[in-house]
file start21.tsv (TSV, C-alpha atoms)
chain	number	residue	atom	x	y	z
A	1	MET	CA	110.20	112.09	124.30
A	2	PRO	CA	106.38	111.84	124.33
A	3	ALA	CA	104.93	108.50	123.35
A	4	LYS	CA	103.30	108.48	119.90
A	5	LEU	CA	100.42	106.39	118.69
A	6	SER	CA	101.89	103.15	117.44
A	7	ARG	CA	101.56	102.52	113.73
A	8	LYS	CA	100.53	99.04	114.68
A	9	CYS	CA	97.37	100.33	116.36
A	10	ILE	CA	94.27	98.67	114.99
A	11	PRO	CA	91.34	101.05	114.53
A	12	TYR	CA	88.62	99.02	116.23
A	13	THR	CA	85.28	100.62	117.03
A	14	PRO	CA	82.89	98.26	118.84
A	15	PHE	CA	79.47	98.02	117.22
A	16	ARG	CA	76.84	98.45	119.91
A	17	LYS	CA	73.58	98.44	117.96
A	18	GLU	CA	71.83	95.48	116.41
A	19	LEU	CA	72.47	94.73	112.73
A	20	ARG	CA	68.78	95.19	112.02
A	21	GLU	CA	69.15	98.81	113.20
A	22	ALA	CA	72.28	99.47	111.16
A	23	THR	CA	72.80	101.53	108.01
A	24	LEU	CA	75.55	100.09	105.82
A	25	ALA	CA	78.05	101.80	103.53
A	26	ILE	CA	80.40	100.03	101.15
A	27	VAL	CA	83.95	101.28	100.64
A	28	SER	CA	85.81	99.44	97.92
A	29	MET	CA	89.14	99.50	96.11
A	30	ALA	CA	87.96	97.23	93.32
A	31	GLY	CA	87.76	99.92	90.65
A	32	VAL	CA	83.98	100.01	90.44
A	33	HIS	CA	82.27	103.17	89.14
A	34	LEU	CA	79.19	104.33	87.29
A	35	THR	CA	79.49	104.28	83.49
A	36	SER	CA	78.69	108.01	83.65
A	37	GLN	CA	81.71	108.70	85.88
A	38	PRO	CA	85.32	109.14	84.73
A	39	PRO	CA	87.26	105.84	84.82
A	40	PHE	CA	90.17	105.36	87.19
A	41	ASP	CA	93.72	105.86	85.97
A	42	LEU	CA	95.01	102.31	85.55
A	43	GLU	CA	98.60	103.20	86.59
A	44	SER	CA	97.68	104.69	89.94
A	45	ASP	CA	94.71	106.69	91.13
A	46	THR	CA	93.95	108.10	94.55
A	47	SER	CA	90.59	109.57	93.57
A	48	TYR	CA	87.31	108.04	94.60
A	49	ARG	CA	83.83	107.89	93.11
A	50	VAL	CA	80.65	108.30	95.06
A	51	ILE	CA	78.16	105.57	94.23
A	52	PRO	CA	74.58	106.51	95.15
A	53	GLY	CA	72.80	104.03	97.39
A	54	GLY	CA	70.06	103.68	94.77
A	55	ALA	CA	72.42	103.08	91.83
A	56	ALA	CA	71.49	100.37	89.37
A	57	THR	CA	74.16	97.68	89.29
A	58	THR	CA	73.73	97.56	85.52
A	59	ASP	CA	75.15	101.12	85.49
A	60	LEU	CA	78.36	99.97	87.22
A	61	MET	CA	81.59	99.02	85.50
A	62	VAL	CA	85.15	98.13	86.58
A	63	THR	CA	88.35	99.99	85.69
A	64	HIS	CA	91.28	98.09	87.23
A	65	GLU	CA	94.22	96.22	85.78
A	66	HIS	CA	95.46	94.38	88.85
A	67	TYR	CA	92.91	91.66	89.11
A	68	ASP	CA	90.87	89.66	86.64
A	69	HIS	CA	87.61	91.58	86.69
A	70	GLN	CA	85.81	89.86	83.87
A	71	ASP	CA	83.26	88.36	86.26
A	72	ALA	CA	83.05	91.54	88.36
A	73	SER	CA	82.19	93.47	85.20
A	74	ARG	CA	79.34	91.07	84.51
A	75	ASP	CA	78.16	91.02	88.12
A	76	PRO	CA	79.61	93.89	90.18
A	77	ASN	CA	78.01	92.44	93.30
A	78	ILE	CA	80.90	89.99	93.58
A	79	MET	CA	83.18	92.89	94.56
A	80	PHE	CA	80.67	95.65	95.34
A	81	PRO	CA	77.58	93.91	96.76
A	82	LEU	CA	75.13	96.80	96.55
A	83	ASP	CA	72.14	94.77	95.31
A	84	ARG	CA	72.85	92.14	97.94
A	85	ALA	CA	73.02	94.81	100.66
A	86	ARG	CA	69.70	96.27	99.53
A	87	GLU	CA	68.18	92.79	99.63
A	88	LEU	CA	69.42	92.28	103.18
A	89	ALA	CA	67.78	95.60	104.06
A	90	ALA	CA	64.51	94.51	102.45
A	91	ASP	CA	64.69	91.34	104.58
A	92	GLY	CA	65.32	93.36	107.73
A	93	PHE	CA	68.80	91.89	108.33
A	94	ILE	CA	70.10	95.45	108.27
A	95	ALA	CA	68.10	98.68	108.43
A	96	GLY	CA	69.26	100.06	105.08
A	97	VAL	CA	72.10	101.23	102.89
A	98	ASN	CA	73.61	104.69	103.11
A	99	ASN	CA	72.79	107.19	100.38
A	100	LYS	CA	76.49	107.26	99.37
A	101	HIS	CA	79.11	104.54	98.93
A	102	TYR	CA	82.75	105.05	98.08
A	103	SER	CA	84.83	103.40	95.43
A	104	LEU	CA	88.52	103.63	94.57
A	105	GLY	CA	90.69	102.07	91.90
A	106	TYR	CA	94.27	100.86	92.01
A	107	ALA	CA	96.38	103.24	94.08
A	108	GLN	CA	100.18	103.15	94.43
A	109	ASP	CA	100.36	106.25	96.64
A	110	LEU	CA	99.26	104.57	99.84
A	111	ARG	CA	100.62	107.45	101.89
A	112	ALA	CA	98.10	109.79	100.19
A	113	ILE	CA	95.33	107.27	100.82
A	114	TYR	CA	96.29	106.99	104.47
A	115	ASP	CA	96.82	110.70	105.09
A	116	GLN	CA	94.16	112.34	102.94
A	117	VAL	CA	91.73	110.13	101.09
A	118	ALA	CA	90.73	107.68	103.80
A	119	PRO	CA	90.17	110.43	106.40
A	120	GLU	CA	88.05	112.35	103.89
A	121	ILE	CA	85.87	109.31	103.22
A	122	ALA	CA	85.70	108.49	106.92
A	123	ASP	CA	84.58	112.03	107.63
A	124	ALA	CA	81.86	111.87	104.99
A	125	LEU	CA	80.67	108.54	106.37
A	126	TYR	CA	80.73	109.83	109.89
A	127	GLN	CA	78.53	112.79	108.91
A	128	SER	CA	76.05	110.41	107.29
A	129	GLN	CA	73.58	107.85	108.62
A	130	THR	CA	76.19	105.11	108.30
A	131	ASP	CA	76.68	102.77	111.26
A	132	ILE	CA	78.71	100.00	109.67
A	133	VAL	CA	81.18	99.92	106.82
A	134	LEU	CA	81.94	96.99	104.54
A	135	LEU	CA	85.43	97.18	103.05
A	136	THR	CA	86.34	95.30	99.90
A	137	ALA	CA	89.83	95.13	98.46
A	138	GLY	CA	90.88	94.83	94.86
B	1	MET	CA	84.19	111.35	117.13
B	2	THR	CA	83.56	107.83	118.29
B	3	GLY	CA	84.65	106.04	115.15
B	4	LEU	CA	83.22	103.76	112.48
B	5	SER	CA	82.68	100.01	112.86
B	6	THR	CA	84.21	98.27	109.86
B	7	VAL	CA	84.65	94.78	108.47
B	8	LEU	CA	86.82	93.77	105.52
B	9	VAL	CA	86.20	90.92	103.11
B	10	SER	CA	89.53	89.92	101.64
B	11	LEU	CA	90.79	87.10	99.47
B	12	SER	CA	94.42	88.10	100.08
B	13	PRO	CA	94.75	88.68	103.81
B	14	GLU	CA	98.56	88.45	103.61
B	15	ALA	CA	98.44	91.78	101.80
B	16	SER	CA	95.43	93.41	103.45
B	17	LEU	CA	96.33	92.54	107.06
B	18	GLN	CA	99.30	94.88	106.81
B	19	ALA	CA	96.82	97.75	106.83
B	20	GLY	CA	95.52	96.67	110.22
B	21	PRO	CA	91.82	96.03	109.54
B	22	PRO	CA	89.89	95.45	112.78
B	23	ARG	CA	87.84	92.50	111.43
B	24	THR	CA	88.41	90.42	108.32
B	25	LEU	CA	86.43	87.66	106.66
B	26	ARG	CA	88.35	85.50	104.22
B	27	PRO	CA	86.29	83.26	101.97
B	28	LYS	CA	88.71	80.39	101.46
B	29	ASN	CA	87.85	78.96	98.10
B	30	PHE	CA	86.86	81.91	95.95
B	31	GLU	CA	89.09	83.04	93.09
B	32	LEU	CA	90.72	86.45	93.28
B	33	GLY	CA	88.29	89.09	92.08
B	34	HIS	CA	85.33	87.16	93.50
B	35	ALA	CA	85.21	88.39	97.07
B	36	PHE	CA	81.50	87.57	97.41
B	37	GLY	CA	81.55	84.49	95.23
B	38	PRO	CA	80.81	83.57	91.63
B	39	PRO	CA	78.72	85.89	89.45
B	40	ASN	CA	74.96	85.44	89.35
B	41	ARG	CA	74.80	83.50	92.58
B	42	PRO	CA	72.80	85.95	94.71
B	43	ASP	CA	72.01	83.42	97.45
B	44	LEU	CA	75.69	82.65	97.99
B	45	GLN	CA	76.68	86.32	97.74
B	46	ARG	CA	74.07	87.22	100.34
B	47	GLN	CA	75.40	84.51	102.65
B	48	VAL	CA	78.94	85.87	102.43
B	49	LEU	CA	77.66	89.37	103.11
B	50	ARG	CA	75.63	88.21	106.11
B	51	ASP	CA	78.65	86.36	107.49
B	52	ALA	CA	80.86	89.44	107.05
B	53	LEU	CA	78.37	91.71	108.80
B	54	GLN	CA	77.87	89.14	111.56
B	55	LEU	CA	81.52	89.62	112.51
B	56	LEU	CA	80.52	93.06	113.75
B	57	LYS	CA	78.41	91.33	116.41
B	58	THR	CA	80.92	88.59	117.19
B	59	PRO	CA	83.17	89.25	120.18
B	60	MET	CA	86.75	89.11	118.97
B	61	GLU	CA	90.15	90.67	119.41
B	62	PRO	CA	90.92	93.52	117.00
B	63	ALA	CA	92.70	92.34	113.85
B	64	THR	CA	91.08	88.91	113.93
B	65	LEU	CA	90.90	87.05	110.64
B	66	VAL	CA	87.97	84.68	110.24
B	67	GLU	CA	88.17	82.12	107.44
B	68	ARG	CA	85.15	80.44	106.01
B	69	GLU	CA	84.65	77.89	103.32
B	70	TYR	CA	81.83	78.33	100.83
B	71	PRO	CA	80.50	76.01	98.16
B	72	ALA	CA	82.36	76.66	94.92

call {"tool": "encode", "arguments": {"input": "start21.tsv", "output": "structure tokens"}}
result
Amino acid sequence: MPAKLSRKCIPYTPFRKELREATLAIVSMAGVHLTSQPPFDLESDTSYRVIPGGAATTDLMVTHEHYDHQDASRDPNIMFPLDRARELAADGFIAGVNNKHYSLGYAQDLRAIYDQVAPEIADALYQSQTDIVLLTAG
Amino acid sequence: MTGLSTVLVSLSPEASLQAGPPRTLRPKNFELGHAFGPPNRPDLQRQVLRDALQLLKTPMEPATLVEREYPA
């Protein structure tokens, strides 16, 4: 029987550039989205929202019932540090932020995330200028 | 496809490590829901972000968890 890729494999891609040359994308499961976008289903949601790299943090809100997001609603940077990332880019610590960032809510169907949603986001990121990805959990 | 270099910031590594992230930063003394620190503390939030991104340039075994303490 042919050997299969172990489910315990860790997807590790070495980062060979310098941080100051890197474009960063944020991928989050903290339930962050623009106020103009549909909220996440609180029970379970495998959809994602695209957050533009130039989005105003004041236009972000949190839809999530599985963590206390009172502070994250006031300051989304504590779970989705887009302003902070842009500041690091202005300082030259990184080169910039990608034009698109990806945000999910609370998902129970982890199989769908693993099989469909994550590969779709990875593909989109791979087609973009993104070099490094910051992941934040809920 | 050569892959994407990723780093996770997690306050609950017991849960998130099951997904096999290649690099994880755990801020030790932040409350849940405050992965980058308290609200309206941009200096501290930037420090956490810098530390997380620095893991991408730190030689380590895949699936390493780095814990760091930050001022509350």

call {"tool": "closest_residue", "arguments": {"input": "start21.tsv", "among": "A:Gln116, A:Thr58, A:Gln127, A:Ser28", "to": "Val9 in chain B", "atoms": "only C-alpha atoms"}}
result
A:Ser28

call {"tool": "residues_around", "arguments": {"input": "start21.tsv", "residues": "range 83-92 of chain A", "least_positions_apart": "6", "cutoff": "10 Å", "atoms": "all atoms listed in the file", "output": "compact mmCIF listing (two decimals) with C-alpha atoms, in the coordinates of the input"}}
result
# COMPACT_ATOMS: atom_id res chain seq x y z
CA LEU A 19 72.47 94.73 112.73
CA ARG A 20 68.78 95.19 112.02
CA GLU A 21 69.15 98.81 113.20
CA ALA A 22 72.28 99.47 111.16
CA THR A 23 72.80 101.53 108.01
CA LEU A 24 75.55 100.09 105.82
CA ALA A 25 78.05 101.80 103.53
CA ILE A 26 80.40 100.03 101.15
CA GLY A 53 72.80 104.03 97.39
CA GLY A 54 70.06 103.68 94.77
CA ALA A 55 72.42 103.08 91.83
CA ALA A 56 71.49 100.37 89.37
CA THR A 57 74.16 97.68 89.29
CA PRO A 76 79.61 93.89 90.18
CA ASN A 77 78.01 92.44 93.30
CA ASN A 98 73.61 104.69 103.11
CA LEU A 134 81.94 96.99 104.54
CA PHE B 36 81.50 87.57 97.41
CA PRO B 42 72.80 85.95 94.71
CA ASP B 43 72.01 83.42 97.45
CA LEU B 44 75.69 82.65 97.99
CA GLN B 45 76.68 86.32 97.74
CA ARG B 46 74.07 87.22 100.34
CA GLN B 47 75.40 84.51 102.65
CA VAL B 48 78.94 85.87 102.43
CA LEU B 49 77.66 89.37 103.11
CA ARG B 50 75.63 88.21 106.11

call {"tool": "residues_near_point", "arguments": {"input": "start21.tsv", "point": "(82.8, 84.9, 96.3)", "cutoff": "10 Å", "atoms": "all atoms listed in the file", "output": "MDAnalysis selection string"}}
result
(chainID A and resid 77:79) or (chainID B and resid 9:11 26:39 41 44:49 70:72)

call {"tool": "interface_residues", "arguments": {"input": "start21.tsv", "of": "chain A", "to": "chain B", "cutoff": "10 Å", "atoms": "all atoms listed in the file", "output": "NGL selection string"}}
result
:A and (7-19 or 24-28 or 30 or 66-81 or 83-85 or 87-88 or 93-94 or 114 or 122-123 or 125-126 or 130-138)

call {"tool": "write_last_selection", "arguments": {"input": "start21.tsv", "atoms": "C-alpha atoms", "output": "PDB file, in the frame of the given file"}}
result
ATOM      1  CA  ARG A   7     101.560 102.520 113.730  1.00  0.00           C
ATOM      2  CA  LYS A   8     100.530  99.040 114.680  1.00  0.00           C
ATOM      3  CA  CYS A   9      97.370 100.330 116.360  1.00  0.00           C
ATOM      4  CA  ILE A  10      94.270  98.670 114.990  1.00  0.00           C
ATOM      5  CA  PRO A  11      91.340 101.050 114.530  1.00  0.00           C
ATOM      6  CA  TYR A  12      88.620  99.020 116.230  1.00  0.00           C
ATOM      7  CA  THR A  13      85.280 100.620 117.030  1.00  0.00           C
ATOM      8  CA  PRO A  14      82.890  98.260 118.840  1.00  0.00           C
ATOM      9  CA  PHE A  15      79.470  98.020 117.220  1.00  0.00           C
ATOM     10  CA  ARG A  16      76.840  98.450 119.910  1.00  0.00           C
ATOM     11  CA  LYS A  17      73.580  98.440 117.960  1.00  0.00           C
ATOM     12  CA  GLU A  18      71.830  95.480 116.410  1.00  0.00           C
ATOM     13  CA  LEU A  19      72.470  94.730 112.730  1.00  0.00           C
ATOM     14  CA  LEU A  24      75.550 100.090 105.820  1.00  0.00           C
ATOM     15  CA  ALA A  25      78.050 101.800 103.530  1.00  0.00           C
ATOM     16  CA  ILE A  26      80.400 100.030 101.150  1.00  0.00           C
ATOM     17  CA  VAL A  27      83.950 101.280 100.640  1.00  0.00           C
ATOM     18  CA  SER A  28      85.810  99.440  97.920  1.00  0.00           C
ATOM     19  CA  ALA A  30      87.960  97.230  93.320  1.00  0.00           C
ATOM     20  CA  HIS A  66      95.460  94.380  88.850  1.00  0.00           C
ATOM     21  CA  TYR A  67      92.910  91.660  89.110  1.00  0.00           C
ATOM     22  CA  ASP A  68      90.870  89.660  86.640  1.00  0.00           C
ATOM     23  CA  HIS A  69      87.610  91.580  86.690  1.00  0.00           C
ATOM     24  CA  GLN A  70      85.810  89.860  83.870  1.00  0.00           C
ATOM     25  CA  ASP A  71      83.260  88.360  86.260  1.00  0.00           C
ATOM     26  CA  ALA A  72      83.050  91.540  88.360  1.00  0.00           C
ATOM     27  CA  SER A  73      82.190  93.470  85.200  1.00  0.00           C
ATOM     28  CA  ARG A  74      79.340  91.070  84.510  1.00  0.00           C
ATOM     29  CA  ASP A  75      78.160  91.020  88.120  1.00  0.00           C
ATOM     30  CA  PRO A  76      79.610  93.890  90.180  1.00  0.00           C
ATOM     31  CA  ASN A  77      78.010  92.440  93.300  1.00  0.00           C
ATOM     32  CA  ILE A  78      80.900  89.990  93.580  1.00  0.00           C
ATOM     33  CA  MET A  79      83.180  92.890  94.560  1.00  0.00           C
ATOM     34  CA  PHE A  80      80.670  95.650  95.340  1.00  0.00           C
ATOM     35  CA  PRO A  81      77.580  93.910  96.760  1.00  0.00           C
ATOM     36  CA  ASP A  83      72.140  94.770  95.310  1.00  0.00           C
ATOM     37  CA  ARG A  84      72.850  92.140  97.940  1.00  0.00           C
ATOM     38  CA  ALA A  85      73.020  94.810 100.660  1.00  0.00           C
ATOM     39  CA  GLU A  87      68.180  92.790  99.630  1.00  0.00           C
ATOM     40  CA  LEU A  88      69.420  92.280 103.180  1.00  0.00           C
ATOM     41  CA  PHE A  93      68.800  91.890 108.330  1.00  0.00           C
ATOM     42  CA  ILE A  94      70.100  95.450 108.270  1.00  0.00           C
ATOM     43  CA  TYR A 114      96.290 106.990 104.470  1.00  0.00           C
ATOM     44  CA  ALA A 122      85.700 108.490 106.920  1.00  0.00           C
ATOM     45  CA  ASP A 123      84.580 112.030 107.630  1.00  0.00           C
ATOM     46  CA  LEU A 125      80.670 108.540 106.370  1.00  0.00           C
ATOM     47  CA  TYR A 126      80.730 109.830 109.890  1.00  0.00           C
ATOM     48  CA  THR A 130      76.190 105.110 108.300  1.00  0.00           C
ATOM     49  CA  ASP A 131      76.680 102.770 111.260  1.00  0.00           C
ATOM     50  CA  ILE A 132      78.710 100.000 109.670  1.00  0.00           C
ATOM     51  CA  VAL A 133      81.180  99.920 106.820  1.00  0.00           C
ATOM     52  CA  LEU A 134      81.940  96.990 104.540  1.00  0.00           C
ATOM     53  CA  LEU A 135      85.430  97.180 103.050  1.00  0.00           C
ATOM     54  CA  THR A 136      86.340  95.300  99.900  1.00  0.00           C
ATOM     55  CA  ALA A 137      89.830  95.130  98.460  1.00  0.00           C
ATOM     56  CA  GLY A 138      90.880  94.830  94.860  1.00  0.00           C
TER      57      GLY A 138
END

call {"tool": "axis_aligned_box", "arguments": {"input": "start21.tsv", "around": "range 37-48 of chain B", "padding_each_side": "8 Å", "output": "lines of an AutoDock Vina configuration file"}}
result
center_x = 76.8
center_y = 84.9
center_z = 96.0
size_x = 25.5
size_y = 20.6
size_z = 29.3

call {"tool": "atom_distance", "arguments": {"input": "start21.tsv", "atom1": "CA of Val62 in chain A", "atom2": "CA of Pro38 in chain A"}}
result
11.2 Å

call {"tool": "closest_residue", "arguments": {"input": "start21.tsv", "among": "A:Lys4, A:Gln108, A:Leu42, A:Val32", "to": "Asp59 in chain A", "atoms": "all atoms listed in the file"}}
result
A:Val32

call {"tool": "decode", "arguments": {"input": "start21.tsv", "residues": "range 5-20 of chain B", "atoms": "N, CA and C atoms", "output": "PDB file, in the first residue's frame"}}
result
ATOM      1  N   SER B   5       4.841  31.243   3.868  1.00  0.00           N
ATOM      2  CA  SER B   5       5.457  31.260   5.194  1.00  0.00           C
ATOM      3  C   SER B   5       4.479  31.885   6.171  1.00  0.00           C
ATOM      4  N   THR B   6       4.126  31.149   7.209  1.00  0.00           N
ATOM      5  CA  THR B   6       3.087  31.617   8.130  1.00  0.00           C
ATOM      6  C   THR B   6       3.549  31.588   9.576  1.00  0.00           C
ATOM      7  N   VAL B   7       2.949  32.456  10.371  1.00  0.00           N
ATOM      8  CA  VAL B   7       3.167  32.459  11.817  1.00  0.00           C
ATOM      9  C   VAL B   7       1.827  32.731  12.492  1.00  0.00           C
ATOM     10  N   LEU B   8       1.556  31.983  13.541  1.00  0.00           N
ATOM     11  CA  LEU B   8       0.307  32.103  14.287  1.00  0.00           C
ATOM     12  C   LEU B   8       0.560  32.801  15.612  1.00  0.00           C
ATOM     13  N   VAL B   9      -0.344  33.702  15.980  1.00  0.00           N
ATOM     14  CA  VAL B   9      -0.336  34.241  17.346  1.00  0.00           C
ATOM     15  C   VAL B   9      -1.540  33.645  18.047  1.00  0.00           C
ATOM     16  N   SER B  10      -1.303  32.902  19.103  1.00  0.00           N
ATOM     17  CA  SER B  10      -2.390  32.187  19.758  1.00  0.00           C
ATOM     18  C   SER B  10      -2.309  32.333  21.270  1.00  0.00           C
ATOM     19  N   LEU B  11      -3.472  32.534  21.893  1.00  0.00           N
ATOM     20  CA  LEU B  11      -3.538  32.567  23.342  1.00  0.00           C
ATOM     21  C   LEU B  11      -3.930  31.194  23.900  1.00  0.00           C
ATOM     22  N   SER B  12      -4.374  30.310  23.016  1.00  0.00           N
ATOM     23  CA  SER B  12      -4.766  28.959  23.449  1.00  0.00           C
ATOM     24  C   SER B  12      -4.041  27.918  22.623  1.00  0.00           C
ATOM     25  N   PRO B  13      -2.726  27.787  22.806  1.00  0.00           N
ATOM     26  CA  PRO B  13      -1.996  26.850  21.955  1.00  0.00           C
ATOM     27  C   PRO B  13      -2.448  25.400  22.121  1.00  0.00           C
ATOM     28  N   GLU B  14      -3.006  25.041  23.281  1.00  0.00           N
ATOM     29  CA  GLU B  14      -3.480  23.663  23.465  1.00  0.00           C
ATOM     30  C   GLU B  14      -4.475  23.312  22.369  1.00  0.00           C
ATOM     31  N   ALA B  15      -5.319  24.290  22.017  1.00  0.00           N
ATOM     32  CA  ALA B  15      -6.293  24.054  20.952  1.00  0.00           C
ATOM     33  C   ALA B  15      -5.653  24.222  19.578  1.00  0.00           C
ATOM     34  N   SER B  16      -4.927  25.322  19.384  1.00  0.00           N
ATOM     35  CA  SER B  16      -4.459  25.633  18.029  1.00  0.00           C
ATOM     36  C   SER B  16      -3.328  24.718  17.565  1.00  0.00           C
ATOM     37  N   LEU B  17      -2.548  24.172  18.479  1.00  0.00           N
ATOM     38  CA  LEU B  17      -1.421  23.321  18.058  1.00  0.00           C
ATOM     39  C   LEU B  17      -1.899  22.045  17.384  1.00  0.00           C
ATOM     40  N   GLN B  18      -3.145  21.669  17.639  1.00  0.00           N
ATOM     41  CA  GLN B  18      -3.670  20.468  16.994  1.00  0.00           C
ATOM     42  C   GLN B  18      -3.739  20.632  15.486  1.00  0.00           C
ATOM     43  N   ALA B  19      -3.812  21.882  15.036  1.00  0.00           N
ATOM     44  CA  ALA B  19      -3.896  22.132  13.594  1.00  0.00           C
ATOM     45  C   ALA B  19      -2.517  22.125  12.935  1.00  0.00           C
ATOM     46  N   GLY B  20      -1.480  21.971  13.720  1.00  0.00           N
ATOM     47  CA  GLY B  20      -0.139  21.875  13.160  1.00  0.00           C
ATOM     48  C   GLY B  20       0.443  23.151  12.579  1.00  0.00           C
TER      49      GLY B  20
END
